[in-house]
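Okay, structure first, notes after.
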Amino acid sequence: MSPVDADSLASTIAANLAISFDILTTAAGKTKRKRAPFDNETTAVAYSELFRSVMGQPTDCIGRPITLCRQEVRSFEETNKIVEAVAIPTVTTTGPVAVAVATVEDDNRELVFGREEVPLCSSGQDCIAFMVEGPPNERLNAYRGPGHDPECDECLLCIRHEIGMLVQMYRVNGSKPPFGVLPVFSNPVDIPGGYRSSFCAVTPDDIAVVSGGVFIMGSPIGFRKAYNPYTKKWYIDQGAAVYCNNNFFF
């Protein structure tokens with residue numbers, strides 16, 4: 001947008017807000033009543049709605065401000081917190097979106113227990129690592145592989161589980177999140193360094209839910225916990241899902 005267009009848009013918005021404010025100040029009970037600068041009531045209501053949406057001032061059907069009690073204000077605040085917590089990033093039209101590719105080697109590093117200087121999975125006792133049989137009975141560390149969100153401290157298994165559940169809900173119930181959920185990463189399949197496509201929870205057929213036409217590994221079916229004597233660390237062995245797996249330590 002050119003500087004001239006930007007200035008024009010800013011001036012229009014400012015003028016609209018000023019007119020809207022004038023309308024709202026003409027409510028009954030004011031000592032001085034201004035005449036609304038509109039020829040019809042429909043235009044006046046439209047500007048009233050604009051002011052309400054921009055300034056966050058709730059109004060009744062004729063544009064008069066509504067005074068909220070303390071409990072209602074608190075309720076709105078809590079609702080906003082919940083909405084923000086469950087918000088899902090979606091693809092926009094601002095430009096091309098590149099989804100990071102996480103290979104088996106990348107993911108294997110994320111499936112090692114006790115990685116130093118990496119926080120534990122934020123899912124707590126609901127961490128999917130507890131679903132895998134065997135010791136240690138603890139959480140994995142947060143995902144720090146390709147495409148990771150610095151504000152997210154869930155482990156790789158929990159991220160896979162959540163996006164897989166979104167797809168499953170769509171397949172079974174027809175429930176649908178905002179179109180084109182942007183995946184954190186994609187996984188190569190049916191090639192060396194990738195996974196068996198039959199183990200994936202997300203496939204290109206699920207593009208109505210997950211954008212990009214990608215494959216993403218699913219729940220840890222057939223996984224096991226194992227000990228690597230070379231690194232002296234426990235890890236989750238996902239060999240059952242790896243394409244052309246040779247069962248060697250990584």
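Labeling convention for the structure tokens: chains A, B, ... as they appear, residues from 1 per chain, ligands from 1 in order of appearance.
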
Handout entry: Exercise: range 189-196 of chain A partners within 8 Å, only C-alpha atoms, chain neighbours under 5 positions left out, as a ChimeraX atom specification
Key = /A:103-105,215,217,241-244

Those same residues, written as a JSON list (two decimals), in the first residue's frame with C-alpha atoms?
[["chain", "number", "residue", "atom", "x", "y", "z"],
["A", 103, "THR", "CA", 13.03, -36.66, 8.92],
["A", 104, "VAL", "CA", 13.28, -39.80, 11.06],
["A", 105, "GLU", "CA", 16.74, -38.68, 12.16],
["A", 215, "PHE", "CA", 2.06, -36.59, 5.78],
["A", 217, "MET", "CA", 3.20, -39.49, 11.79],
["A", 241, "ALA", "CA", 6.95, -47.05, 11.69],
["A", 242, "VAL", "CA", 10.24, -46.33, 9.91],
["A", 243, "TYR", "CA", 10.57, -47.14, 6.21],
["A", 244, "CYS", "CA", 13.21, -49.84, 5.60]]

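Note that CA of Gly124 in chain A and CA of Lys233 in chain A are 20.9 Å apart.
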
Problem - Within 7 Å of Tyr143 in chain A using only C-alpha atoms, minus same-chain residues under 3 positions, as a PyMOL selection string - result: chain A and resi 110+148+153-156

Keeping C-alpha atoms for every residue in the selection just given, could you write it to a file as a PDB file, in the first residue's frame?
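Output file part_31.pdb follows:
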ATOM      1  CA  GLU A 110      13.328 -35.529  20.007  1.00  0.00           C
ATOM      2  CA  HIS A 148       9.151 -25.739  16.331  1.00  0.00           C
ATOM      3  CA  ASP A 153       6.659 -26.714  25.107  1.00  0.00           C
ATOM      4  CA  GLU A 154       4.813 -29.869  24.088  1.00  0.00           C
ATOM      5  CA  CYS A 155       6.827 -32.924  23.104  1.00  0.00           C
ATOM      6  CA  LEU A 156       6.864 -34.488  19.644  1.00  0.00           C
TER       7      LEU A 156
END

With DSSP run on the backbone, what are the strand (DSSP E or B) residues within range 114-187 of chain A? I'd like them as a PDB file with N, CA and C atoms, in the first residue's frame.
ATOM      1  N   LEU A 120      10.670 -29.950  30.168  1.00  0.00           N
ATOM      2  CA  LEU A 120       9.832 -31.129  29.996  1.00  0.00           C
ATOM      3  C   LEU A 120       8.533 -30.757  29.294  1.00  0.00           C
ATOM      4  N   ASN A 141      11.041 -34.454  26.641  1.00  0.00           N
ATOM      5  CA  ASN A 141      11.312 -33.013  26.642  1.00  0.00           C
ATOM      6  C   ASN A 141      10.542 -32.334  25.514  1.00  0.00           C
ATOM      7  N   VAL A 181      -5.479 -25.844   8.878  1.00  0.00           N
ATOM      8  CA  VAL A 181      -4.592 -25.749  10.038  1.00  0.00           C
ATOM      9  C   VAL A 181      -3.152 -25.860   9.560  1.00  0.00           C
ATOM     10  N   PHE A 185       5.191 -29.270  11.200  1.00  0.00           N
ATOM     11  CA  PHE A 185       6.170 -29.923  10.330  1.00  0.00           C
ATOM     12  C   PHE A 185       5.440 -30.936   9.456  1.00  0.00           C
ATOM     13  N   SER A 186       6.158 -31.488   8.490  1.00  0.00           N
ATOM     14  CA  SER A 186       5.667 -32.608   7.701  1.00  0.00           C
ATOM     15  C   SER A 186       6.727 -33.700   7.744  1.00  0.00           C
TER      16      SER A 186
END

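Shortest atom-to-atom contact with Ile221 in chain A among A:Tyr235, A:Phe130, A:Phe113, A:Phe199: A:Phe199, counting only C-alpha atoms.
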
Problem - CA of Asp205 in chain A to CA of Cys127 in chain A, straight-line distance in Å - result: 27.7 Å

Handout entry: Selected residue, from A:Asp107, A:Asp126, A:Glu133, A:Glu162, that lies nearest to Arg224 in chain A when counting only C-alpha atoms
Key = A:Glu133

Per residue of range 166-203 of chain A within 10 Å of range 157-161 of chain A, note the shortest atom pair and the distance in Å to one decimal, counting only C-alpha atoms, and order the rows by chain and increasing residue number, as JSON lines.
{"residue": "A:Leu166", "atom": "CA", "partner": "A:His161", "partner_atom": "CA", "distance": 8.8}
{"residue": "A:Pro183", "atom": "CA", "partner": "A:Ile159", "partner_atom": "CA", "distance": 9.5}
{"residue": "A:Val184", "atom": "CA", "partner": "A:Ile159", "partner_atom": "CA", "distance": 8.4}
{"residue": "A:Phe185", "atom": "CA", "partner": "A:Arg160", "partner_atom": "CA", "distance": 9.7}
{"residue": "A:Cys200", "atom": "CA", "partner": "A:Arg160", "partner_atom": "CA", "distance": 9.5}
{"residue": "A:Ala201", "atom": "CA", "partner": "A:Arg160", "partner_atom": "CA", "distance": 8.0}
{"residue": "A:Val202", "atom": "CA", "partner": "A:Arg160", "partner_atom": "CA", "distance": 9.1}

Could you dump the residues just selected with C-alpha atoms as a compact mmCIF listing (two decimals), in the first residue's frame?
# COMPACT_ATOMS: atom_id res chain seq x y z
CA LEU A 166 -8.22 -32.94 14.82
CA PRO A 183 1.15 -27.98 10.65
CA VAL A 184 4.35 -27.52 12.62
CA PHE A 185 6.17 -29.92 10.33
CA CYS A 200 0.58 -41.59 9.37
CA ALA A 201 -2.35 -39.86 11.09
CA VAL A 202 -2.37 -37.04 8.53

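Between CA of Gly114 in chain A and CA of Glu138 in chain A lies a distance of 9.4 Å.
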
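Counting only C-alpha atoms, the residue from A:Met165, A:Leu182, A:Ser123, A:Val112 that sits nearest to Pro136 in chain A is A:Val112.
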
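Compared by their closest atoms to Gly134 in chain A, and using only C-alpha atoms, the residues A:Gly213, A:Thr203, A:Leu111, A:Trp234 rank with A:Trp234 nearest.
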